[in-house]
file upload03.csv (CSV, N, CA and C atoms)
chain,number,residue,atom,x,y,z
A,20,GLN,N,31.9,0.2,19.6
A,20,GLN,CA,31.9,-0.8,18.6
A,20,GLN,C,30.7,-1.6,18.7
A,21,VAL,N,30.2,-2.0,17.5
A,21,VAL,CA,29.0,-2.9,17.4
A,21,VAL,C,29.3,-4.0,16.5
A,22,GLN,N,29.0,-5.2,16.9
A,22,GLN,CA,29.1,-6.4,16.0
A,22,GLN,C,27.7,-6.8,15.5
A,23,LEU,N,27.6,-7.1,14.3
A,23,LEU,CA,26.4,-7.6,13.7
A,23,LEU,C,26.6,-8.9,13.0
A,24,VAL,N,25.7,-9.8,13.2
A,24,VAL,CA,25.7,-11.1,12.6
A,24,VAL,C,24.4,-11.4,12.0
A,25,GLU,N,24.4,-11.6,10.6
A,25,GLU,CA,23.1,-11.9,9.9
A,25,GLU,C,23.0,-13.4,9.7
A,26,SER,N,21.8,-13.8,9.6
A,26,SER,CA,21.5,-15.2,9.3
A,26,SER,C,20.1,-15.3,8.6
A,27,GLY,N,19.8,-16.5,8.0
A,27,GLY,CA,18.5,-16.7,7.5
A,27,GLY,C,18.4,-16.7,5.9
A,28,GLY,N,19.5,-16.4,5.3
A,28,GLY,CA,19.5,-16.4,3.8
A,28,GLY,C,19.5,-17.8,3.3
A,29,GLY,N,19.3,-17.9,2.0
A,29,GLY,CA,19.2,-19.2,1.4
A,29,GLY,C,18.6,-19.2,0.0
A,30,LEU,N,18.3,-20.3,-0.5
A,30,LEU,CA,17.7,-20.5,-1.8
A,30,LEU,C,16.2,-20.7,-1.7
A,31,VAL,N,15.4,-19.9,-2.4
A,31,VAL,CA,14.0,-19.9,-2.3
A,31,VAL,C,13.4,-19.8,-3.7
A,32,GLN,N,12.3,-20.4,-3.9
A,32,GLN,CA,11.6,-20.3,-5.2
A,32,GLN,C,10.9,-19.0,-5.4
A,33,PRO,N,10.7,-18.6,-6.6
A,33,PRO,CA,9.9,-17.3,-6.8
A,33,PRO,C,8.5,-17.5,-6.1
A,34,GLY,N,8.1,-16.4,-5.5
A,34,GLY,CA,6.9,-16.4,-4.7
A,34,GLY,C,7.0,-16.8,-3.3
A,35,GLY,N,8.2,-17.3,-2.9
A,35,GLY,CA,8.4,-17.8,-1.6
A,35,GLY,C,8.8,-16.8,-0.6
A,36,SER,N,9.1,-17.2,0.6
A,36,SER,CA,9.4,-16.3,1.7
A,36,SER,C,10.7,-16.7,2.4
A,37,LEU,N,11.3,-15.7,3.0
A,37,LEU,CA,12.5,-15.9,3.8
A,37,LEU,C,12.5,-14.9,5.0
A,38,ARG,N,13.1,-15.3,6.1
A,38,ARG,CA,13.1,-14.4,7.2
A,38,ARG,C,14.6,-14.2,7.6
A,39,LEU,N,15.1,-13.0,7.5
A,39,LEU,CA,16.5,-12.7,7.8
A,39,LEU,C,16.5,-12.1,9.2
A,40,SER,N,17.6,-12.5,9.9
A,40,SER,CA,17.8,-12.0,11.3
A,40,SER,C,19.2,-11.4,11.4
A,41,CYS,N,19.3,-10.4,12.3
A,41,CYS,CA,20.5,-9.7,12.5
A,41,CYS,C,20.6,-9.5,14.0
A,42,VAL,N,21.7,-10.1,14.6
A,42,VAL,CA,21.9,-10.0,16.1
A,42,VAL,C,23.0,-9.0,16.3
A,43,ALA,N,22.7,-8.0,17.2
A,43,ALA,CA,23.7,-7.0,17.5
A,43,ALA,C,24.3,-7.3,18.9
A,44,SER,N,25.6,-6.9,19.0
A,44,SER,CA,26.3,-7.0,20.3
A,44,SER,C,27.3,-5.9,20.4
A,45,GLY,N,27.8,-5.6,21.6
A,45,GLY,CA,28.7,-4.5,21.8
A,45,GLY,C,28.0,-3.3,22.3
A,46,SER,N,28.2,-2.1,21.8
A,46,SER,CA,27.7,-0.9,22.3
A,46,SER,C,26.2,-0.6,21.8
A,47,ILE,N,25.4,-1.6,22.0
A,47,ILE,CA,24.0,-1.5,21.4
A,47,ILE,C,23.2,-0.4,22.0
A,48,ALA,N,23.5,0.1,23.2
A,48,ALA,CA,22.7,1.2,23.8
A,48,ALA,C,22.8,2.5,22.9
A,49,ASN,N,23.8,2.6,22.1
A,49,ASN,CA,24.0,3.8,21.3
A,49,ASN,C,23.5,3.7,19.9
A,50,ILE,N,22.8,2.6,19.6
A,50,ILE,CA,22.2,2.4,18.3
A,50,ILE,C,20.9,3.2,18.2
A,51,ARG,N,20.8,4.0,17.2
A,51,ARG,CA,19.5,4.8,17.0
A,51,ARG,C,18.6,4.2,16.0
A,52,ALA,N,19.2,3.3,15.1
A,52,ALA,CA,18.3,2.7,14.1
A,52,ALA,C,19.1,1.5,13.5
A,53,MET,N,18.3,0.5,13.0
A,53,MET,CA,18.9,-0.6,12.4
A,53,MET,C,18.3,-0.7,11.0
A,54,ALA,N,19.1,-1.1,10.0
A,54,ALA,CA,18.6,-1.1,8.6
A,54,ALA,C,19.1,-2.4,7.9
A,55,TRP,N,18.4,-2.7,6.8
A,55,TRP,CA,18.8,-3.7,5.9
A,55,TRP,C,19.1,-3.1,4.5
A,56,TYR,N,20.2,-3.5,4.0
A,56,TYR,CA,20.6,-3.2,2.6
A,56,TYR,C,20.9,-4.4,1.8
A,57,ARG,N,21.0,-4.3,0.5
A,57,ARG,CA,21.3,-5.5,-0.3
A,57,ARG,C,22.2,-5.0,-1.5
A,58,GLN,N,22.9,-6.0,-2.0
A,58,GLN,CA,23.8,-5.7,-3.1
A,58,GLN,C,23.8,-7.0,-4.0
A,59,ALA,N,23.4,-6.8,-5.2
A,59,ALA,CA,23.5,-7.8,-6.2
A,59,ALA,C,24.8,-7.6,-7.0
A,60,PRO,N,25.3,-8.7,-7.6
A,60,PRO,CA,26.6,-8.6,-8.3
A,60,PRO,C,26.5,-7.5,-9.4
A,61,GLY,N,27.6,-6.7,-9.4
A,61,GLY,CA,27.7,-5.6,-10.4
A,61,GLY,C,26.9,-4.4,-10.1
A,62,THR,N,26.2,-4.4,-9.0
A,62,THR,CA,25.4,-3.2,-8.6
A,62,THR,C,25.9,-2.6,-7.3
A,63,GLU,N,25.4,-1.4,-7.1
A,63,GLU,CA,25.7,-0.7,-5.8
A,63,GLU,C,24.8,-1.3,-4.7
A,64,ARG,N,25.3,-1.1,-3.5
A,64,ARG,CA,24.5,-1.5,-2.3
A,64,ARG,C,23.3,-0.6,-2.3
A,65,GLU,N,22.1,-1.2,-2.0
A,65,GLU,CA,20.9,-0.3,-2.0
A,65,GLU,C,20.1,-0.5,-0.7
A,66,PHE,N,19.5,0.5,-0.3
A,66,PHE,CA,18.7,0.5,0.9
A,66,PHE,C,17.4,-0.4,0.7
A,67,VAL,N,17.1,-1.1,1.8
A,67,VAL,CA,15.8,-1.9,1.8
A,67,VAL,C,14.8,-1.4,2.8
A,68,ALA,N,15.2,-1.3,4.0
A,68,ALA,CA,14.3,-0.9,5.1
A,68,ALA,C,15.1,-0.5,6.3
A,69,VAL,N,14.5,0.3,7.2
A,69,VAL,CA,15.1,0.8,8.4
A,69,VAL,C,14.0,0.8,9.5
A,70,ILE,N,14.5,0.5,10.7
A,70,ILE,CA,13.6,0.7,11.9
A,70,ILE,C,14.4,1.5,12.9
A,71,ALA,N,13.7,2.6,13.4
A,71,ALA,CA,14.3,3.4,14.4
A,71,ALA,C,14.0,2.8,15.8
A,72,ARG,N,14.8,3.3,16.8
A,72,ARG,CA,14.6,2.8,18.1
A,72,ARG,C,13.2,3.0,18.6
A,73,ASN,N,12.5,4.1,18.1
A,73,ASN,CA,11.1,4.3,18.5
A,73,ASN,C,10.1,3.5,17.7
A,74,GLY,N,10.6,2.6,16.8
A,74,GLY,CA,9.7,1.7,16.1
A,74,GLY,C,9.3,2.2,14.7
A,75,GLU,N,9.6,3.4,14.4
A,75,GLU,CA,9.3,4.0,13.1
A,75,GLU,C,10.0,3.2,12.0
A,76,THR,N,9.4,3.0,10.9
A,76,THR,CA,10.0,2.2,9.8
A,76,THR,C,9.9,3.0,8.5
A,77,VAL,N,10.8,2.7,7.7
A,77,VAL,CA,10.8,3.3,6.3
A,77,VAL,C,11.3,2.1,5.4
A,78,TYR,N,10.6,2.0,4.2
A,78,TYR,CA,10.9,1.0,3.3
A,78,TYR,C,11.3,1.6,1.9
A,79,ALA,N,12.1,0.9,1.2
A,79,ALA,CA,12.3,1.2,-0.2
A,79,ALA,C,11.1,0.8,-1.0
A,80,ASP,N,10.8,1.5,-2.1
A,80,ASP,CA,9.7,1.2,-2.9
A,80,ASP,C,9.6,-0.3,-3.3
A,81,SER,N,10.7,-0.9,-3.5
A,81,SER,CA,10.8,-2.3,-4.0
A,81,SER,C,10.4,-3.2,-2.8
A,82,ALA,N,10.4,-2.8,-1.6
A,82,ALA,CA,10.1,-3.6,-0.4
A,82,ALA,C,8.7,-3.4,0.1
A,83,LYS,N,8.1,-2.3,-0.2
A,83,LYS,CA,6.8,-1.9,0.3
A,83,LYS,C,5.8,-3.0,0.0
A,84,GLY,N,5.0,-3.4,1.0
A,84,GLY,CA,4.0,-4.4,0.8
A,84,GLY,C,4.4,-5.8,0.8
A,85,ARG,N,5.7,-6.1,0.7
A,85,ARG,CA,6.2,-7.4,0.6
A,85,ARG,C,7.2,-7.7,1.8
A,86,PHE,N,7.9,-6.7,2.3
A,86,PHE,CA,8.9,-7.0,3.3
A,86,PHE,C,8.4,-6.3,4.6
A,87,THR,N,8.8,-6.8,5.7
A,87,THR,CA,8.5,-6.2,7.0
A,87,THR,C,9.7,-6.3,7.9
A,88,ILE,N,10.1,-5.1,8.4
A,88,ILE,CA,11.2,-5.0,9.3
A,88,ILE,C,10.7,-4.9,10.8
A,89,SER,N,11.3,-5.6,11.7
A,89,SER,CA,10.9,-5.6,13.1
A,89,SER,C,12.1,-5.7,14.0
A,90,SER,N,11.9,-5.4,15.2
A,90,SER,CA,13.0,-5.5,16.2
A,90,SER,C,12.5,-6.1,17.5
A,91,ASP,N,13.4,-6.8,18.1
A,91,ASP,CA,13.2,-7.4,19.4
A,91,ASP,C,14.3,-6.9,20.3
A,92,ASP,N,14.1,-5.9,21.1
A,92,ASP,CA,15.1,-5.3,21.9
A,92,ASP,C,15.7,-6.3,22.9
A,93,ALA,N,14.8,-7.1,23.4
A,93,ALA,CA,15.2,-8.0,24.4
A,93,ALA,C,16.3,-9.0,23.9
A,94,LYS,N,16.2,-9.3,22.6
A,94,LYS,CA,17.1,-10.2,22.0
A,94,LYS,C,18.2,-9.5,21.1
A,95,ASN,N,18.1,-8.2,21.1
A,95,ASN,CA,19.1,-7.4,20.3
A,95,ASN,C,19.0,-7.8,18.9
A,96,THR,N,17.9,-8.1,18.4
A,96,THR,CA,17.7,-8.7,17.0
A,96,THR,C,16.8,-7.8,16.2
A,97,VAL,N,17.2,-7.7,14.9
A,97,VAL,CA,16.3,-7.1,13.9
A,97,VAL,C,16.0,-8.1,12.9
A,98,THR,N,14.8,-8.2,12.5
A,98,THR,CA,14.3,-9.2,11.5
A,98,THR,C,13.7,-8.6,10.3
A,99,LEU,N,14.0,-9.2,9.1
A,99,LEU,CA,13.4,-8.8,7.9
A,99,LEU,C,12.6,-9.9,7.3
A,100,GLN,N,11.3,-9.8,7.4
A,100,GLN,CA,10.4,-10.9,6.8
A,100,GLN,C,10.2,-10.5,5.3
A,101,MET,N,10.5,-11.4,4.4
A,101,MET,CA,10.4,-11.1,3.0
A,101,MET,C,9.5,-12.1,2.4
A,102,ASN,N,8.4,-11.6,1.8
A,102,ASN,CA,7.4,-12.4,1.1
A,102,ASN,C,7.3,-12.1,-0.4
A,103,SER,N,6.7,-13.0,-1.1
A,103,SER,CA,6.5,-12.8,-2.5
A,103,SER,C,7.8,-12.4,-3.2
A,104,LEU,N,8.8,-13.2,-2.9
A,104,LEU,CA,10.2,-13.0,-3.5
A,104,LEU,C,10.2,-13.2,-5.0
A,105,ASN,N,11.0,-12.5,-5.7
A,105,ASN,CA,11.3,-12.7,-7.1
A,105,ASN,C,12.8,-12.6,-7.4
A,106,SER,N,13.1,-12.9,-8.6
A,106,SER,CA,14.5,-13.0,-8.9
A,106,SER,C,15.3,-11.7,-8.7
A,107,GLU,N,14.6,-10.6,-8.8
A,107,GLU,CA,15.2,-9.3,-8.6
A,107,GLU,C,15.6,-9.1,-7.1
A,108,ASP,N,15.1,-9.9,-6.2
A,108,ASP,CA,15.4,-9.8,-4.8
A,108,ASP,C,16.7,-10.6,-4.5
A,109,SER,N,17.3,-11.3,-5.4
A,109,SER,CA,18.5,-12.1,-5.2
A,109,SER,C,19.6,-11.1,-5.0
A,110,ALA,N,20.3,-11.2,-3.8
A,110,ALA,CA,21.4,-10.3,-3.5
A,110,ALA,C,22.0,-10.8,-2.2
A,111,LEU,N,23.1,-10.1,-1.8
A,111,LEU,CA,23.7,-10.3,-0.5
A,111,LEU,C,23.1,-9.2,0.4
A,112,TYR,N,22.4,-9.7,1.4
A,112,TYR,CA,21.7,-8.8,2.3
A,112,TYR,C,22.6,-8.4,3.5
A,113,PHE,N,22.7,-7.1,3.8
A,113,PHE,CA,23.5,-6.7,4.9
A,113,PHE,C,22.7,-6.0,6.0
A,114,CYS,N,23.1,-6.2,7.2
A,114,CYS,CA,22.5,-5.5,8.3
A,114,CYS,C,23.4,-4.3,8.7
A,115,GLN,N,22.8,-3.1,9.0
A,115,GLN,CA,23.5,-1.9,9.3
A,115,GLN,C,23.0,-1.4,10.7
A,116,ALA,N,23.9,-0.9,11.5
A,116,ALA,CA,23.6,-0.2,12.7
A,116,ALA,C,24.0,1.2,12.6
A,117,ARG,N,23.0,2.1,12.9
A,117,ARG,CA,23.3,3.5,12.8
A,117,ARG,C,23.4,4.1,14.3
A,118,MET,N,24.5,4.8,14.5
A,118,MET,CA,24.7,5.2,15.9
A,118,MET,C,24.2,6.5,16.2
A,119,SER,N,23.9,6.7,17.5
A,119,SER,CA,23.3,8.0,17.9
A,119,SER,C,24.4,9.1,18.0
A,120,GLY,N,24.1,10.3,17.6
A,120,GLY,CA,25.0,11.4,17.8
A,120,GLY,C,26.1,11.5,16.8
A,121,SER,N,26.1,10.6,15.8
A,121,SER,CA,27.2,10.6,14.8
A,121,SER,C,26.7,10.0,13.5
A,122,LYS,N,27.6,10.0,12.5
A,122,LYS,CA,27.3,9.4,11.3
A,122,LYS,C,28.1,8.1,11.2
A,123,THR,N,28.3,7.5,12.3
A,123,THR,CA,29.0,6.2,12.3
A,123,THR,C,28.0,5.1,12.1
A,124,TYR,N,28.4,4.2,11.2
A,124,TYR,CA,27.6,3.0,10.9
A,124,TYR,C,28.5,1.7,11.0
A,125,TYR,N,27.8,0.7,11.4
A,125,TYR,CA,28.5,-0.6,11.4
A,125,TYR,C,27.7,-1.6,10.5
A,126,TRP,N,28.5,-2.5,9.9
A,126,TRP,CA,27.9,-3.4,9.0
A,126,TRP,C,28.2,-4.9,9.4
A,127,GLY,N,27.2,-5.7,9.0
A,127,GLY,CA,27.5,-7.2,9.2
A,127,GLY,C,28.2,-7.7,7.9
A,128,GLN,N,28.4,-9.0,7.9
A,128,GLN,CA,29.1,-9.6,6.8
A,128,GLN,C,28.2,-10.0,5.6
A,129,GLY,N,26.9,-10.0,5.9
A,129,GLY,CA,25.9,-10.3,4.9
A,129,GLY,C,25.5,-11.7,4.8
A,130,THR,N,24.3,-11.9,4.3
A,130,THR,CA,23.7,-13.2,4.2
A,130,THR,C,23.1,-13.3,2.7
A,131,GLN,N,23.4,-14.4,2.0
A,131,GLN,CA,23.0,-14.5,0.6
A,131,GLN,C,21.6,-14.9,0.5
A,132,VAL,N,20.8,-14.2,-0.4
A,132,VAL,CA,19.5,-14.6,-0.7
A,132,VAL,C,19.5,-14.9,-2.2
A,133,THR,N,19.0,-16.1,-2.6
A,133,THR,CA,18.9,-16.4,-4.0
A,133,THR,C,17.5,-16.9,-4.3
A,134,VAL,N,16.9,-16.2,-5.2
A,134,VAL,CA,15.5,-16.6,-5.6
A,134,VAL,C,15.6,-17.2,-7.0
A,135,SER,N,15.3,-18.4,-7.1
A,135,SER,CA,15.4,-19.2,-8.4
A,135,SER,C,14.6,-20.4,-8.3
A,136,SER,N,14.1,-20.8,-9.5
A,136,SER,CA,13.3,-22.0,-9.6
A,136,SER,C,14.3,-23.2,-10.0

call {"tool": "encode", "arguments": {"input": "upload03.csv", "output": "C-alpha cells"}}
result
Amino acid sequence: QVQLVESGGGLVQPGGSLRLSCVASGSIANIRAMAWYRQAPGTEREFVAVIARNGETVYADSAKGRFTISSDDAKNTVTLQMNSLNSEDSALYFCQARMSGSKTYYWGQGTQVTVSS
C-alpha cells in the first residue's frame, strides 16, 4: 500500500506559477514511477507528466515547456512546477504512484488549481 498526499494548489492569475508537491508513504520502495494527472469538471482525467525512478521524464504536449516534474527521493516527494499557467490548466491535480512488477496504481486525493483573473 502507498499513501499519497498532494499540496500546493490554489488560485493563480493567468501567466502565474504554482508548485505542486506529492508526498508518498508506505511501500515506497516498490514504486517504479510517479505521475501527475488532472481532471477538469466534465472531462476525463488526463495525463500531465511522469518521472521514473531512474529520472526519466515524459510530458503531455500541453505541459511541455511550461511544467517540470522532479523528485526528491530523500523526502519521498514528487514536485510539479507549473509556469505560464492559463485557464485551461484549471483542474483537480492528482498524484499517482506506479508500482513495480504490476499494473497497480495508487492515487492521492487531489489538489485544486484554479487559474483566473

call {"tool": "closest_residue", "arguments": {"input": "upload03.csv", "among": "A:Cys41, A:Leu30, A:Leu104, A:Ile70", "to": "Ile88 (chain A)", "atoms": "all atoms listed in the file"}}
result
A:Ile70

call {"tool": "residues_around", "arguments": {"input": "upload03.csv", "residues": "Gly129 (chain A)", "least_positions_apart": "4", "cutoff": "6.5 Å", "atoms": "only N, CA and C atoms", "output": "compact mmCIF listing (two decimals) with N, CA and C atoms, in the coordinates of the input"}}
result
# COMPACT_ATOMS: atom_id res chain seq x y z
N GLU A 25 24.40 -11.60 10.60
CA GLU A 25 23.10 -11.90 9.90
C GLU A 25 23.00 -13.40 9.70
N SER A 26 21.80 -13.80 9.60
CA SER A 26 21.50 -15.20 9.30
C SER A 26 20.10 -15.30 8.60
N LEU A 111 23.10 -10.10 -1.80
CA LEU A 111 23.70 -10.30 -0.50
C LEU A 111 23.10 -9.20 0.40
N TYR A 112 22.40 -9.70 1.40
CA TYR A 112 21.70 -8.80 2.30
C TYR A 112 22.60 -8.40 3.50
N PHE A 113 22.70 -7.10 3.80
CA PHE A 113 23.50 -6.70 4.90
C PHE A 113 22.70 -6.00 6.00
N CYS A 114 23.10 -6.20 7.20
CA CYS A 114 22.50 -5.50 8.30
C CYS A 114 23.40 -4.30 8.70

call {"tool": "residues_around", "arguments": {"input": "upload03.csv", "residues": "region 107-109 of chain A", "least_positions_apart": "4", "cutoff": "6 Å", "atoms": "only N, CA and C atoms", "output": "list in words"}}
result
Gln58, Ala59, Val132, Thr133 and Val134 of chain A

call {"tool": "write_last_selection", "arguments": {"input": "upload03.csv", "atoms": "N, CA and C atoms", "output": "PDB file, keeping the file's coordinate frame"}}
result
ATOM      1  N   GLN A  58      22.900  -6.000  -2.000  1.00  0.00           N
ATOM      2  CA  GLN A  58      23.800  -5.700  -3.100  1.00  0.00           C
ATOM      3  C   GLN A  58      23.800  -7.000  -4.000  1.00  0.00           C
ATOM      4  N   ALA A  59      23.400  -6.800  -5.200  1.00  0.00           N
ATOM      5  CA  ALA A  59      23.500  -7.800  -6.200  1.00  0.00           C
ATOM      6  C   ALA A  59      24.800  -7.600  -7.000  1.00  0.00           C
ATOM      7  N   VAL A 132      20.800 -14.200  -0.400  1.00  0.00           N
ATOM      8  CA  VAL A 132      19.500 -14.600  -0.700  1.00  0.00           C
ATOM      9  C   VAL A 132      19.500 -14.900  -2.200  1.00  0.00           C
ATOM     10  N   THR A 133      19.000 -16.100  -2.600  1.00  0.00           N
ATOM     11  CA  THR A 133      18.900 -16.400  -4.000  1.00  0.00           C
ATOM     12  C   THR A 133      17.500 -16.900  -4.300  1.00  0.00           C
ATOM     13  N   VAL A 134      16.900 -16.200  -5.200  1.00  0.00           N
ATOM     14  CA  VAL A 134      15.500 -16.600  -5.600  1.00  0.00           C
ATOM     15  C   VAL A 134      15.600 -17.200  -7.000  1.00  0.00           C
TER      16      VAL A 134
END

call {"tool": "closest_residue", "arguments": {"input": "upload03.csv", "among": "A:Leu99, A:Ala116, A:Ala43, A:Ala79", "to": "Glu65 (chain A)", "atoms": "all atoms listed in the file"}}
result
A:Ala79

call {"tool": "closest_residue", "arguments": {"input": "upload03.csv", "among": "A:Ala110, A:Val42, A:Val21, A:Met101", "to": "Arg85 (chain A)", "atoms": "all atoms listed in the file"}}
result
A:Met101

call {"tool": "select_by_dssp", "arguments": {"input": "upload03.csv", "residues": "chain A", "states": "strand (DSSP E)", "output": "ChimeraX atom specification"}}
result
/A:21-26,29-31,37-45,50-58,65-71,76-78,86-91,96-101,110-118,124-126,130-134

call {"tool": "atom_distance", "arguments": {"input": "upload03.csv", "atom1": "atom C of Phe66 (chain A)", "atom2": "CA of Gly120 (chain A)"}}
result
22.1 Å

call {"tool": "residues_around", "arguments": {"input": "upload03.csv", "residues": "Thr87 (chain A)", "least_positions_apart": "6", "cutoff": "12 Å", "atoms": "only C-alpha atoms", "output": "list of chain:residue names"}}
result
A:Ser36, A:Leu37, A:Arg38, A:Leu39, A:Ser40, A:Ala54, A:Trp55, A:Val67, A:Ala68, A:Val69, A:Ile70, A:Glu75, A:Thr76, A:Val77, A:Tyr78, A:Ala79, A:Ser81, A:Val97, A:Thr98, A:Leu99, A:Gln100, A:Met101, A:Asn102, A:Ser103

call {"tool": "residues_around", "arguments": {"input": "upload03.csv", "residues": "region 47-52 of chain A", "least_positions_apart": "4", "cutoff": "6 Å", "atoms": "only C-alpha atoms", "output": "list in words"}}
result
Ile70, Ala71, Arg72, Arg117, Met118 and Ser119 of chain A

call {"tool": "write_last_selection", "arguments": {"input": "upload03.csv", "atoms": "N, CA and C atoms", "output": "PDB file, keeping the file's coordinate frame"}}
result
ATOM      1  N   ILE A  70      14.500   0.500  10.700  1.00  0.00           N
ATOM      2  CA  ILE A  70      13.600   0.700  11.900  1.00  0.00           C
ATOM      3  C   ILE A  70      14.400   1.500  12.900  1.00  0.00           C
ATOM      4  N   ALA A  71      13.700   2.600  13.400  1.00  0.00           N
ATOM      5  CA  ALA A  71      14.300   3.400  14.400  1.00  0.00           C
ATOM      6  C   ALA A  71      14.000   2.800  15.800  1.00  0.00           C
ATOM      7  N   ARG A  72      14.800   3.300  16.800  1.00  0.00           N
ATOM      8  CA  ARG A  72      14.600   2.800  18.100  1.00  0.00           C
ATOM      9  C   ARG A  72      13.200   3.000  18.600  1.00  0.00           C
ATOM     10  N   ARG A 117      23.000   2.100  12.900  1.00  0.00           N
ATOM     11  CA  ARG A 117      23.300   3.500  12.800  1.00  0.00           C
ATOM     12  C   ARG A 117      23.400   4.100  14.300  1.00  0.00           C
ATOM     13  N   MET A 118      24.500   4.800  14.500  1.00  0.00           N
ATOM     14  CA  MET A 118      24.700   5.200  15.900  1.00  0.00           C
ATOM     15  C   MET A 118      24.200   6.500  16.200  1.00  0.00           C
ATOM     16  N   SER A 119      23.900   6.700  17.500  1.00  0.00           N
ATOM     17  CA  SER A 119      23.300   8.000  17.900  1.00  0.00           C
ATOM     18  C   SER A 119      24.400   9.100  18.000  1.00  0.00           C
TER      19      SER A 119
END

call {"tool": "atom_distance", "arguments": {"input": "upload03.csv", "atom1": "CA of Leu23 (chain A)", "atom2": "CA of Tyr56 (chain A)"}}
result
13.3 Å

call {"tool": "closest_residue", "arguments": {"input": "upload03.csv", "among": "A:Trp126, A:Gly35, A:Ser44, A:Lys83", "to": "Thr96 (chain A)", "atoms": "only C-alpha atoms"}}
result
A:Ser44

call {"tool": "atom_distance", "arguments": {"input": "upload03.csv", "atom1": "CA of Thr62 (chain A)", "atom2": "atom C of Ser89 (chain A)"}}
result
26.3 Å

call {"tool": "axis_aligned_box", "arguments": {"input": "upload03.csv", "around": "region 105-116 of chain A", "padding_each_side": "8 Å", "output": "AutoDock Vina command-line options"}}
result
--center_x 17.5 --center_y -5.9 --center_z 1.9 --size_x 29.0 --size_y 30.2 --size_z 37.6

call {"tool": "decode", "arguments": {"input": "upload03.csv", "residues": "region 60-73 of chain A", "atoms": "N, CA, C and O atoms", "output": "compact mmCIF listing (two decimals), in the first residue's frame"}}
result
# COMPACT_ATOMS: atom_id res chain seq x y z
N PRO A 60 -13.76 19.77 -14.51
CA PRO A 60 -15.17 19.37 -14.43
C PRO A 60 -15.71 18.95 -15.79
O PRO A 60 -15.50 19.62 -16.80
N GLY A 61 -16.38 17.81 -15.83
CA GLY A 61 -16.99 17.33 -17.06
C GLY A 61 -16.04 16.70 -18.05
O GLY A 61 -16.45 16.40 -19.18
N THR A 62 -14.80 16.52 -17.64
CA THR A 62 -13.83 15.90 -18.55
C THR A 62 -13.23 14.67 -17.90
O THR A 62 -13.36 14.43 -16.70
N GLU A 63 -12.52 13.90 -18.70
CA GLU A 63 -11.84 12.72 -18.17
C GLU A 63 -10.49 13.13 -17.58
O GLU A 63 -9.90 14.14 -17.98
N ARG A 64 -10.02 12.32 -16.68
CA ARG A 64 -8.71 12.56 -16.11
C ARG A 64 -7.66 12.40 -17.20
O ARG A 64 -7.70 11.45 -17.99
N GLU A 65 -6.72 13.35 -17.25
CA GLU A 65 -5.71 13.30 -18.30
C GLU A 65 -4.30 13.33 -17.73
O GLU A 65 -4.05 13.95 -16.69
N PHE A 66 -3.42 12.69 -18.43
CA PHE A 66 -2.01 12.62 -18.05
C PHE A 66 -1.35 13.97 -18.20
O PHE A 66 -1.60 14.70 -19.18
N VAL A 67 -0.47 14.31 -17.26
CA VAL A 67 0.28 15.56 -17.32
C VAL A 67 1.78 15.28 -17.46
O VAL A 67 2.43 15.79 -18.38
N ALA A 68 2.33 14.50 -16.56
CA ALA A 68 3.76 14.23 -16.58
C ALA A 68 4.06 13.02 -15.71
O ALA A 68 3.30 12.70 -14.80
N VAL A 69 5.19 12.36 -15.99
CA VAL A 69 5.63 11.22 -15.20
C VAL A 69 7.14 11.26 -15.07
O VAL A 69 7.85 11.73 -15.96
N ILE A 70 7.61 10.78 -13.93
CA ILE A 70 9.05 10.64 -13.70
C ILE A 70 9.31 9.23 -13.20
O ILE A 70 8.67 8.78 -12.24
N ALA A 71 10.23 8.55 -13.86
CA ALA A 71 10.58 7.19 -13.46
C ALA A 71 11.64 7.23 -12.36
O ALA A 71 12.26 8.26 -12.11
N ARG A 72 11.83 6.08 -11.73
CA ARG A 72 12.81 6.02 -10.65
C ARG A 72 14.21 6.38 -11.13
O ARG A 72 15.01 6.91 -10.36
N ASN A 73 14.50 6.12 -12.42
CA ASN A 73 15.82 6.45 -12.96
C ASN A 73 15.91 7.92 -13.40
O ASN A 73 16.93 8.33 -13.96
